[in-house]
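Next comes start38.cif, a file with mmCIF, C-alpha atoms.
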data_upload
#
loop_
_atom_site.label_atom_id
_atom_site.label_comp_id
_atom_site.auth_asym_id
_atom_site.auth_seq_id
_atom_site.Cartn_x
_atom_site.Cartn_y
_atom_site.Cartn_z
CA MET A 1 30.89 23.33 34.31
CA ASN A 2 27.83 21.48 33.04
CA PRO A 3 27.20 18.02 34.50
CA THR A 4 27.45 15.15 32.02
CA LYS A 5 24.16 14.15 30.51
CA ARG A 6 23.60 10.44 30.77
CA VAL A 7 21.11 7.61 30.39
CA LEU A 8 20.57 4.85 32.93
CA LEU A 9 19.21 1.87 31.03
CA ALA A 10 17.23 -0.72 32.97
CA ALA A 11 18.00 -4.41 32.71
CA PRO A 12 15.94 -6.50 32.49
CA ARG A 13 13.55 -4.66 30.18
CA GLY A 14 11.41 -5.45 27.16
CA TYR A 15 10.22 -8.83 25.94
CA CYS A 16 9.50 -11.49 28.52
CA ALA A 17 9.49 -15.18 27.63
CA GLY A 18 5.71 -15.34 27.22
CA VAL A 19 5.60 -12.38 24.85
CA ASP A 20 8.57 -13.69 22.88
CA ARG A 21 6.80 -17.05 22.45
CA ALA A 22 3.50 -15.47 21.37
CA VAL A 23 5.04 -13.14 18.78
CA ILE A 24 7.22 -15.91 17.35
CA ALA A 25 4.14 -18.15 17.18
CA VAL A 26 2.36 -15.70 14.88
CA GLU A 27 5.48 -15.20 12.78
CA LYS A 28 6.01 -18.96 12.40
CA ALA A 29 2.33 -19.49 11.62
CA LEU A 30 2.49 -16.91 8.83
CA ASP A 31 5.66 -18.50 7.46
CA HIS A 32 4.27 -22.04 7.58
CA TYR A 33 0.58 -21.68 6.72
CA GLY A 34 0.68 -18.41 4.80
CA ALA A 35 -1.57 -15.38 5.23
CA PRO A 36 -4.07 -14.75 6.53
CA VAL A 37 -3.61 -16.01 10.06
CA TYR A 38 -6.28 -14.68 12.39
CA VAL A 39 -5.42 -13.49 15.91
CA ARG A 40 -8.04 -12.98 18.61
CA LYS A 41 -7.36 -9.62 20.30
CA GLU A 42 -3.87 -8.13 20.19
CA ILE A 43 -1.30 -10.91 20.42
CA VAL A 44 0.51 -8.71 22.94
CA HIS A 45 -0.24 -5.17 24.05
CA ASN A 46 2.10 -3.23 21.79
CA LYS A 47 1.07 -1.10 18.81
CA TYR A 48 4.32 -1.58 16.89
CA VAL A 49 4.19 -5.37 17.20
CA VAL A 50 0.55 -5.52 16.10
CA GLU A 51 1.15 -3.19 13.15
CA THR A 52 4.22 -5.16 12.06
CA LEU A 53 2.41 -8.50 12.18
CA ALA A 54 -0.64 -7.05 10.42
CA ALA A 55 1.61 -5.88 7.59
CA ARG A 56 2.76 -9.50 7.19
CA GLY A 57 -0.78 -10.84 6.96
CA ALA A 58 -2.03 -11.32 10.50
CA VAL A 59 -5.69 -10.34 10.85
CA PHE A 60 -6.64 -9.15 14.32
CA VAL A 61 -10.23 -9.67 15.44
CA ASP A 62 -12.11 -9.07 18.67
CA GLU A 63 -14.04 -12.35 18.79
CA THR A 64 -13.98 -15.78 17.20
CA ASP A 65 -17.25 -15.16 15.30
CA GLU A 66 -15.27 -12.76 13.08
CA VAL A 67 -13.03 -15.63 11.94
CA PRO A 68 -14.23 -17.57 8.86
CA VAL A 69 -15.47 -21.07 9.64
CA GLY A 70 -12.61 -23.57 9.57
CA ALA A 71 -9.88 -20.90 9.51
CA ARG A 72 -6.84 -20.75 11.76
CA VAL A 73 -6.80 -18.45 14.81
CA VAL A 74 -4.15 -17.68 17.40
CA PHE A 75 -5.16 -16.92 20.98
CA SER A 76 -3.15 -14.10 22.52
CA ALA A 77 -0.58 -14.31 25.30
CA HIS A 78 -3.16 -13.03 27.80
CA GLY A 79 -5.21 -16.23 27.67
CA VAL A 80 -8.87 -16.97 26.99
CA SER A 81 -11.74 -18.53 28.90
CA PRO A 82 -13.24 -21.98 28.27
CA ALA A 83 -16.17 -20.20 26.60
CA VAL A 84 -13.83 -18.82 23.93
CA HIS A 85 -12.37 -22.28 23.31
CA ALA A 86 -15.92 -23.63 22.96
CA ALA A 87 -16.90 -20.86 20.55
CA ALA A 88 -13.85 -21.62 18.41
CA ALA A 89 -14.67 -25.33 18.37
CA ALA A 90 -18.25 -24.57 17.32
CA ARG A 91 -16.87 -22.82 14.23
CA SER A 92 -14.38 -25.63 13.53
CA LEU A 93 -11.50 -23.19 13.92
CA GLN A 94 -7.92 -24.46 13.94
CA THR A 95 -6.56 -22.92 17.11
CA ILE A 96 -3.04 -22.08 18.21
CA ASP A 97 -3.04 -21.25 21.91
CA ALA A 98 -0.25 -18.75 22.60
CA THR A 99 -1.34 -18.13 26.20
CA CYS A 100 1.69 -17.42 28.37
CA PRO A 101 2.43 -20.55 30.42
CA LEU A 102 2.53 -18.41 33.56
CA VAL A 103 -1.03 -17.26 32.86
CA THR A 104 -2.05 -20.86 32.20
CA LYS A 105 -0.71 -21.68 35.67
CA VAL A 106 -3.10 -19.15 37.20
CA HIS A 107 -5.99 -20.62 35.19
CA LYS A 108 -5.23 -24.07 36.59
CA GLU A 109 -5.08 -22.68 40.11
CA ALA A 110 -8.49 -21.07 39.63
CA VAL A 111 -10.01 -24.38 38.51
CA ARG A 112 -8.46 -26.24 41.43
CA PHE A 113 -9.70 -23.78 44.04
CA ALA A 114 -13.16 -23.70 42.45
CA ASP A 115 -13.28 -27.49 42.59
CA ALA A 116 -12.60 -27.12 46.33
CA ASP A 117 -15.63 -24.78 46.48
CA MET A 118 -13.56 -21.79 47.62
CA ASP A 119 -14.29 -18.14 46.98
CA ILE A 120 -11.51 -16.78 44.76
CA LEU A 121 -10.58 -13.10 44.99
CA LEU A 122 -8.87 -12.20 41.71
CA ILE A 123 -6.77 -9.06 42.12
CA GLY A 124 -6.70 -7.36 38.73
CA HIS A 125 -8.35 -4.85 36.44
CA THR A 126 -11.89 -5.50 35.28
CA GLY A 127 -12.01 -5.72 31.48
CA HIS A 128 -8.37 -6.69 31.03
CA GLU A 129 -8.13 -9.70 28.72
CA GLU A 130 -6.11 -11.73 31.19
CA VAL A 131 -8.64 -11.12 33.96
CA GLU A 132 -11.53 -12.06 31.66
CA GLY A 133 -9.77 -15.30 30.72
CA THR A 134 -8.97 -16.27 34.31
CA ALA A 135 -12.41 -15.31 35.65
CA GLY A 136 -14.00 -17.36 32.89
CA GLU A 137 -12.41 -20.52 34.28
CA ALA A 138 -14.67 -20.40 37.35
CA PRO A 139 -17.17 -17.54 37.01
CA ASP A 140 -19.34 -18.73 39.92
CA HIS A 141 -16.42 -18.67 42.33
CA ILE A 142 -14.37 -15.65 41.23
CA GLN A 143 -14.84 -11.98 41.98
CA VAL A 144 -12.44 -9.30 40.77
CA VAL A 145 -10.83 -6.91 43.24
CA ASN A 146 -9.53 -3.93 41.30
CA SER A 147 -7.62 -2.11 44.04
CA PRO A 148 -7.19 -1.82 47.81
CA ASP A 149 -10.16 0.54 47.83
CA ASP A 150 -12.44 -2.28 46.63
CA VAL A 151 -11.71 -4.51 49.60
CA ASP A 152 -14.49 -3.21 51.83
CA ALA A 153 -17.11 -4.21 49.24
CA VAL A 154 -15.97 -7.85 49.00
CA VAL A 155 -18.53 -10.40 50.18
CA VAL A 156 -17.71 -14.10 50.56
CA ARG A 157 -19.78 -17.14 51.51
CA ASP A 158 -17.38 -18.57 54.07
CA PRO A 159 -14.54 -16.42 55.46
CA GLU A 160 -12.55 -19.59 56.16
CA LYS A 161 -12.61 -20.74 52.53
CA VAL A 162 -11.12 -17.76 50.66
CA VAL A 163 -8.03 -17.57 48.44
CA TRP A 164 -6.51 -14.80 46.35
CA LEU A 165 -5.06 -14.92 42.84
CA SER A 166 -3.75 -12.05 40.75
CA GLN A 167 -3.36 -10.72 37.26
CA THR A 168 0.28 -11.35 36.39
CA THR A 169 1.16 -7.83 35.23
CA LEU A 170 0.23 -5.73 38.26
CA SER A 171 2.31 -3.52 40.48
CA VAL A 172 3.85 -5.75 43.13
CA ASP A 173 3.44 -3.11 45.83
CA GLU A 174 -0.21 -2.37 45.09
CA THR A 175 -1.06 -6.07 44.93
CA MET A 176 0.54 -6.73 48.30
CA GLU A 177 -1.35 -3.79 49.78
CA THR A 178 -4.60 -5.25 48.45
CA VAL A 179 -3.68 -8.63 49.95
CA ARG A 180 -2.86 -6.99 53.27
CA ARG A 181 -6.24 -5.30 53.44
CA LEU A 182 -8.04 -8.46 52.35
CA ARG A 183 -6.31 -10.39 55.12
CA GLU A 184 -7.43 -7.80 57.67
CA ARG A 185 -11.03 -8.61 56.68
CA PHE A 186 -10.48 -12.33 56.14
CA PRO A 187 -7.74 -13.60 58.48
CA HIS A 188 -7.98 -17.11 57.00
CA LEU A 189 -7.28 -15.84 53.46
CA GLN A 190 -5.09 -18.38 51.66
CA ASP A 191 -2.19 -17.50 49.37
CA PRO A 192 -1.75 -19.14 45.96
CA PRO A 193 0.90 -21.87 45.92
CA SER A 194 3.39 -19.44 44.36
CA ASP A 195 3.52 -15.73 43.63
CA ASP A 196 1.35 -15.17 40.57
CA ILE A 197 2.84 -11.82 39.61
CA CYS A 198 5.02 -12.61 36.61
CA TYR A 199 8.77 -12.81 37.19
CA ALA A 200 9.28 -10.35 34.32
CA THR A 201 6.87 -7.81 35.79
CA GLN A 202 8.67 -8.01 39.14
CA ASN A 203 12.12 -7.80 37.58
CA ARG A 204 11.26 -4.70 35.55
CA GLN A 205 9.81 -2.98 38.58
CA VAL A 206 12.83 -3.83 40.73
CA ALA A 207 15.17 -2.40 38.08
CA VAL A 208 13.21 0.84 37.92
CA LYS A 209 13.15 1.15 41.71
CA LYS A 210 16.94 0.86 41.74
CA PHE A 211 17.68 3.71 39.34
CA ALA A 212 14.63 5.99 39.74
CA PRO A 213 16.02 7.90 42.75
CA ARG A 214 19.00 8.92 40.59
CA CYS A 215 16.86 10.08 37.66
CA ASP A 216 15.46 13.47 36.81
CA LEU A 217 13.27 11.77 34.23
CA VAL A 218 12.26 8.15 33.54
CA ILE A 219 10.98 7.23 30.08
CA VAL A 220 8.99 4.01 29.85
CA VAL A 221 8.61 2.55 26.37
CA GLY A 222 5.27 0.76 26.04
CA SER A 223 1.70 1.10 24.81
CA ALA A 224 -1.16 2.66 26.74
CA ASN A 225 -3.05 -0.63 27.00
CA SER A 226 -0.01 -2.45 28.39
CA SER A 227 -0.76 -2.81 32.09
CA ASN A 228 2.81 -3.55 33.08
CA SER A 229 4.15 -0.55 31.11
CA VAL A 230 1.68 1.83 32.74
CA ARG A 231 2.64 0.43 36.15
CA LEU A 232 6.33 1.14 35.47
CA VAL A 233 5.57 4.87 35.25
CA GLU A 234 3.87 4.71 38.64
CA VAL A 235 6.72 2.68 40.11
CA ALA A 236 9.29 5.20 38.88
CA LEU A 237 7.46 8.12 40.45
CA ASP A 238 6.86 6.29 43.72
CA ALA A 239 10.56 5.36 43.86
CA GLY A 240 11.73 8.96 43.57
CA ALA A 241 12.01 9.95 39.92
CA ARG A 242 11.28 13.64 39.44
CA ALA A 243 9.15 12.88 36.38
CA SER A 244 8.16 9.85 34.33
CA TYR A 245 6.35 9.42 31.03
CA ARG A 246 5.28 6.53 28.81
CA VAL A 247 5.88 6.62 25.04
CA ASP A 248 5.06 4.15 22.29
CA ARG A 249 8.08 5.27 20.30
CA ALA A 250 10.87 7.85 20.24
CA SER A 251 8.90 10.41 18.23
CA GLU A 252 6.58 10.89 21.22
CA ILE A 253 9.34 12.26 23.46
CA ASP A 254 8.53 15.90 24.24
CA PRO A 255 11.71 18.03 24.17
CA ALA A 256 10.27 20.02 27.07
CA TRP A 257 10.66 16.95 29.27
CA LEU A 258 14.43 17.25 28.93
CA ALA A 259 14.70 20.81 30.24
CA ASP A 260 17.16 20.93 33.18
CA VAL A 261 17.46 17.13 33.06
CA THR A 262 20.87 15.54 33.59
CA THR A 263 20.00 11.87 34.12
CA VAL A 264 17.33 10.04 32.13
CA GLY A 265 16.25 6.54 33.05
CA VAL A 266 14.97 4.32 30.24
CA THR A 267 13.06 1.06 30.49
CA SER A 268 10.40 -0.81 28.55
CA GLY A 269 7.41 -2.98 29.28
CA ALA A 270 7.37 -6.73 28.84
CA SER A 271 5.71 -6.55 25.40
CA VAL A 272 8.16 -4.07 23.86
CA PRO A 273 10.73 -5.11 21.20
CA GLU A 274 14.27 -3.86 21.69
CA ILE A 275 14.21 -1.88 18.44
CA LEU A 276 11.90 0.67 20.08
CA VAL A 277 14.34 1.11 22.97
CA ARG A 278 17.21 1.59 20.51
CA ASP A 279 15.23 4.34 18.79
CA VAL A 280 14.69 6.12 22.12
CA LEU A 281 18.40 5.90 22.95
CA GLU A 282 19.27 7.35 19.53
CA ALA A 283 16.84 10.23 20.07
CA LEU A 284 18.33 10.93 23.49
CA ALA A 285 21.86 10.75 22.08
CA ALA A 286 20.88 13.38 19.51
CA ALA A 287 19.78 15.57 22.43
CA GLY A 288 23.16 15.17 24.13
CA TYR A 289 22.53 12.10 26.28
CA ASP A 290 25.15 9.94 24.65
CA THR A 291 26.54 8.25 27.77
CA VAL A 292 24.57 5.07 28.48
CA GLU A 293 25.03 2.94 31.59
CA GLU A 294 23.08 -0.29 32.02
CA VAL A 295 21.72 -0.88 35.51
CA ARG A 296 21.18 -4.63 35.84
CA THR A 297 19.29 -6.18 38.73
CA ALA A 298 18.65 -9.64 37.27
CA THR A 299 19.47 -11.83 34.29
CA GLU A 300 16.59 -13.59 32.55
CA ASP A 301 17.17 -16.74 30.55
CA LEU A 302 13.72 -18.36 30.73
CA MET A 303 12.36 -19.37 27.33
CA PHE A 304 9.20 -21.27 26.39
CA SER A 305 8.59 -23.78 23.61
CA LEU A 306 6.16 -22.86 20.83
CA PRO A 307 2.46 -23.73 21.30
CA ARG A 308 2.05 -27.48 20.91
CA GLU A 309 -0.37 -27.24 17.96
CA LEU A 310 2.09 -25.17 15.95
CA TRP A 311 5.07 -27.23 17.09
CA ALA A 312 3.43 -30.45 15.90
CA ASP A 313 2.77 -29.06 12.41
CA LEU A 314 6.28 -27.64 12.11
CA LYS A 315 7.77 -30.91 13.29
CA ALA A 316 5.75 -32.89 10.74
CA ALA A 317 7.13 -30.59 8.04
CA GLY A 318 10.69 -30.91 9.35
CA GLN A 319 10.71 -27.22 10.33
CA ALA A 320 10.50 -27.39 14.11
CA PRO A 321 13.07 -25.07 15.74
CA PRO A 322 15.39 -26.43 18.45
CA ARG A 323 13.94 -26.66 21.92
CA PRO A 324 14.76 -23.53 23.92
CA GLU A 325 17.87 -23.57 26.06
CA ARG A 326 18.87 -21.32 28.90
CA GLY A 327 21.57 -18.88 28.01
CA GLY A 328 20.31 -15.33 28.21
CA ARG A 329 19.16 -12.90 25.56
CA GLN A 330 21.28 -10.47 23.62
CA THR A 331 21.21 -6.93 24.97
CA LEU A 332 22.71 -3.63 23.93
CA ALA A 333 26.44 -3.33 24.33
CA VAL A 334 26.62 -0.71 27.06
CA GLU A 335 28.54 -0.20 30.26
CA GLN A 336 27.03 -2.10 33.21
CA VAL A 337 26.88 -0.58 36.68
#
Transcribe the structure of this file into C-alpha cells.
Amino acid sequence: MNPTKRVLLAAPRGYCAGVDRAVIAVEKALDHYGAPVYVRKEIVHNKYVVETLAARGAVFVDETDEVPVGARVVFSAHGVSPAVHAAAAARSLQTIDATCPLVTKVHKEAVRFADADMDILLIGHTGHEEVEGTAGEAPDHIQVVNSPDDVDAVVVRDPEKVVWLSQTTLSVDETMETVRRLRERFPHLQDPPSDDICYATQNRQVAVKKFAPRCDLVIVVGSANSSNSVRLVEVALDAGARASYRVDRASEIDPAWLADVTTVGVTSGASVPEILVRDVLEALAAAGYDTVEEVRTATEDLMFSLPRELWADLKAAGQAPPRPERGGRQTLAVEQV
C-alpha cells in the first residue's frame, strides 16, 4: 500500500506587513498620480511583484540620477541612506519613502549609538540594500560583519563601547552564533534595545523548523535575491528536511525532486504574494499531492499605514484608505494541524 502523498503548508508564510505596505504604496501611487512612477531598486525582492508593477507603469531604476528632475520616486522597503535622500532632494524629486518601519527602527538605533560615539557591528551581508541603507546612517561608526567567520577580523576603538545591530532578514541561528562569537572577543558588547531580526523572518523560520523533520522535500517560494527566502532553504535543511529547493514559481519545480517523496513542505519568503504559493500547490496536486495540511506556529495581524507623503495626498483627494486594524490576513482554506 502506497503512503498518502501530502503537503505541509507553513503558516505564517509570504507577505509581511512591511512588504504589503511597500507594494500597496506603489499601486496606490500609480492609481493616484498615474504612470510613470519611478522606484529606486526593486520595491521588494520578488521578480513576479516587480514584473507586475512594471507592467502597470512603475519604472525601476538603480539610482536617483536616473529619475527625471522633479519626478516622483518611491524608496524601497529595504530603506536608503541619508546620502540617497540628499541626492533626491538635489534633483527636486517628490519622494515616497516605503522603508519598512522595522528597518527604520534599526536606522534610528544606528544614529543613536553613533551619537554616543560607539562602534557599531552590523551583522548582515555586504552589498544588500538594507545593509547599505543602515550603514549609511553612520558610516564612520559602522562596520559590517558578514558571518561568524568574520569575527576574528573585527577591530574596535574601545572594547567597552561596542554594540551590535543586524539586518532584519537574516537567519536567527546564524545571527546568534555571530553575536556569541563577538561577545567572546568583546565581553562588554551591548545588545540593541530589542531584537532587530524581523518578526516575520523569525516566524517563517520557526514554522519551517517545525515541519522540516517530517518532510522529504521542502519547497521555498521566493526569488534568488531575497535574503530571507534563501535562508529558509538553509533552515529547512538544518532542521532535518531531506532536500530543499527555492523556486520563483511553480514552473521551476523539477519533477525529479518528487521521486520517492511522500511529504512535501511548502513555504514562501516575506516578499512573496500568495498567488505564487497557490500555483505551487496546484502543480503539486497535479503530481498527486492533493492533501494539504497547514502547520501554523503563529498568527500575524500587524499592518502598517501607508507612507505619510502618499497618505497626505490621498487624504487631500478624499481617497485615503481606512487606517489599518488588527484582524489577521486571509489564508488558504486548508486543514490546520
Please evaluate the PyMOL selection byres ((chain A and resi 298) around 9) against the structure above and give the resulting residues as a compact mmCIF listing (two decimals) with C-alpha atoms, in the frame of the given file.
# COMPACT_ATOMS: atom_id res chain seq x y z
CA ALA A 11 18.00 -4.41 32.71
CA PRO A 12 15.94 -6.50 32.49
CA ASN A 203 12.12 -7.80 37.58
CA VAL A 206 12.83 -3.83 40.73
CA ALA A 207 15.17 -2.40 38.08
CA ARG A 296 21.18 -4.63 35.84
CA THR A 297 19.29 -6.18 38.73
CA THR A 299 19.47 -11.83 34.29
CA GLU A 300 16.59 -13.59 32.55
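Distance-wise, CA of Glu177 (chain A) and CA of Asn228 (chain A) end up 17.2 Å apart.
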The PyMOL selection byres ((chain A and resi 269) around 12) resolved against shown file, as a PDB file with C-alpha atoms, in the frame of the given file:
ATOM      1  CA  ALA A  10      17.230  -0.720  32.970  1.00  0.00           C
ATOM      2  CA  ALA A  11      18.000  -4.410  32.710  1.00  0.00           C
ATOM      3  CA  PRO A  12      15.940  -6.500  32.490  1.00  0.00           C
ATOM      4  CA  ARG A  13      13.550  -4.660  30.180  1.00  0.00           C
ATOM      5  CA  GLY A  14      11.410  -5.450  27.160  1.00  0.00           C
ATOM      6  CA  TYR A  15      10.220  -8.830  25.940  1.00  0.00           C
ATOM      7  CA  CYS A  16       9.500 -11.490  28.520  1.00  0.00           C
ATOM      8  CA  VAL A  19       5.600 -12.380  24.850  1.00  0.00           C
ATOM      9  CA  VAL A  44       0.510  -8.710  22.940  1.00  0.00           C
ATOM     10  CA  HIS A  45      -0.240  -5.170  24.050  1.00  0.00           C
ATOM     11  CA  ASN A  46       2.100  -3.230  21.790  1.00  0.00           C
ATOM     12  CA  THR A 169       1.160  -7.830  35.230  1.00  0.00           C
ATOM     13  CA  LEU A 170       0.230  -5.730  38.260  1.00  0.00           C
ATOM     14  CA  ALA A 200       9.280 -10.350  34.320  1.00  0.00           C
ATOM     15  CA  THR A 201       6.870  -7.810  35.790  1.00  0.00           C
ATOM     16  CA  GLN A 202       8.670  -8.010  39.140  1.00  0.00           C
ATOM     17  CA  ASN A 203      12.120  -7.800  37.580  1.00  0.00           C
ATOM     18  CA  ARG A 204      11.260  -4.700  35.550  1.00  0.00           C
ATOM     19  CA  GLN A 205       9.810  -2.980  38.580  1.00  0.00           C
ATOM     20  CA  ALA A 207      15.170  -2.400  38.080  1.00  0.00           C
ATOM     21  CA  VAL A 208      13.210   0.840  37.920  1.00  0.00           C
ATOM     22  CA  ILE A 219      10.980   7.230  30.080  1.00  0.00           C
ATOM     23  CA  VAL A 220       8.990   4.010  29.850  1.00  0.00           C
ATOM     24  CA  VAL A 221       8.610   2.550  26.370  1.00  0.00           C
ATOM     25  CA  GLY A 222       5.270   0.760  26.040  1.00  0.00           C
ATOM     26  CA  SER A 223       1.700   1.100  24.810  1.00  0.00           C
ATOM     27  CA  ALA A 224      -1.160   2.660  26.740  1.00  0.00           C
ATOM     28  CA  ASN A 225      -3.050  -0.630  27.000  1.00  0.00           C
ATOM     29  CA  SER A 226      -0.010  -2.450  28.390  1.00  0.00           C
ATOM     30  CA  SER A 227      -0.760  -2.810  32.090  1.00  0.00           C
ATOM     31  CA  ASN A 228       2.810  -3.550  33.080  1.00  0.00           C
ATOM     32  CA  SER A 229       4.150  -0.550  31.110  1.00  0.00           C
ATOM     33  CA  VAL A 230       1.680   1.830  32.740  1.00  0.00           C
ATOM     34  CA  ARG A 231       2.640   0.430  36.150  1.00  0.00           C
ATOM     35  CA  LEU A 232       6.330   1.140  35.470  1.00  0.00           C
ATOM     36  CA  VAL A 233       5.570   4.870  35.250  1.00  0.00           C
ATOM     37  CA  ARG A 246       5.280   6.530  28.810  1.00  0.00           C
ATOM     38  CA  VAL A 247       5.880   6.620  25.040  1.00  0.00           C
ATOM     39  CA  ASP A 248       5.060   4.150  22.290  1.00  0.00           C
ATOM     40  CA  VAL A 266      14.970   4.320  30.240  1.00  0.00           C
ATOM     41  CA  THR A 267      13.060   1.060  30.490  1.00  0.00           C
ATOM     42  CA  SER A 268      10.400  -0.810  28.550  1.00  0.00           C
ATOM     43  CA  ALA A 270       7.370  -6.730  28.840  1.00  0.00           C
ATOM     44  CA  SER A 271       5.710  -6.550  25.400  1.00  0.00           C
ATOM     45  CA  VAL A 272       8.160  -4.070  23.860  1.00  0.00           C
ATOM     46  CA  PRO A 273      10.730  -5.110  21.200  1.00  0.00           C
ATOM     47  CA  GLU A 274      14.270  -3.860  21.690  1.00  0.00           C
ATOM     48  CA  LEU A 276      11.900   0.670  20.080  1.00  0.00           C
ATOM     49  CA  VAL A 277      14.340   1.110  22.970  1.00  0.00           C
TER      50      VAL A 277
END
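Put simply, CA of Leu93 (chain A) is 4.5 Å away from CA of Gly70 (chain A).
What the PyMOL selection byres ((chain A and resi 72) around 10) matches in the given file is A:Ala29, A:Tyr33, A:Ala35, A:Pro36, A:Val37, A:Tyr38, A:Val39, A:Val67, A:Pro68, A:Val69, A:Gly70, A:Ala71, A:Val73, A:Val74, A:Ala88, A:Ser92, A:Leu93, A:Gln94, A:Thr95, A:Ile96.
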Would you mind exporting C-alpha atoms of the selected residues as an mmCIF file, in the frame of the given file?
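The result, stored in part-v6.cif:
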data_model
loop_
_atom_site.group_PDB
_atom_site.id
_atom_site.type_symbol
_atom_site.label_atom_id
_atom_site.label_comp_id
_atom_site.auth_asym_id
_atom_site.auth_seq_id
_atom_site.Cartn_x
_atom_site.Cartn_y
_atom_site.Cartn_z
ATOM 1 C CA ALA A 29 2.330 -19.490 11.620
ATOM 2 C CA TYR A 33 0.580 -21.680 6.720
ATOM 3 C CA ALA A 35 -1.570 -15.380 5.230
ATOM 4 C CA PRO A 36 -4.070 -14.750 6.530
ATOM 5 C CA VAL A 37 -3.610 -16.010 10.060
ATOM 6 C CA TYR A 38 -6.280 -14.680 12.390
ATOM 7 C CA VAL A 39 -5.420 -13.490 15.910
ATOM 8 C CA VAL A 67 -13.030 -15.630 11.940
ATOM 9 C CA PRO A 68 -14.230 -17.570 8.860
ATOM 10 C CA VAL A 69 -15.470 -21.070 9.640
ATOM 11 C CA GLY A 70 -12.610 -23.570 9.570
ATOM 12 C CA ALA A 71 -9.880 -20.900 9.510
ATOM 13 C CA VAL A 73 -6.800 -18.450 14.810
ATOM 14 C CA VAL A 74 -4.150 -17.680 17.400
ATOM 15 C CA ALA A 88 -13.850 -21.620 18.410
ATOM 16 C CA SER A 92 -14.380 -25.630 13.530
ATOM 17 C CA LEU A 93 -11.500 -23.190 13.920
ATOM 18 C CA GLN A 94 -7.920 -24.460 13.940
ATOM 19 C CA THR A 95 -6.560 -22.920 17.110
ATOM 20 C CA ILE A 96 -3.040 -22.080 18.210
#
- Selection near region 309-318 of chain A, 12 Å with all atoms listed in the file, sequence-local residues under 2 positions removed, as a ChimeraX atom specification: /A:21-22,24-33,72-75,94-98,304-307,320-323
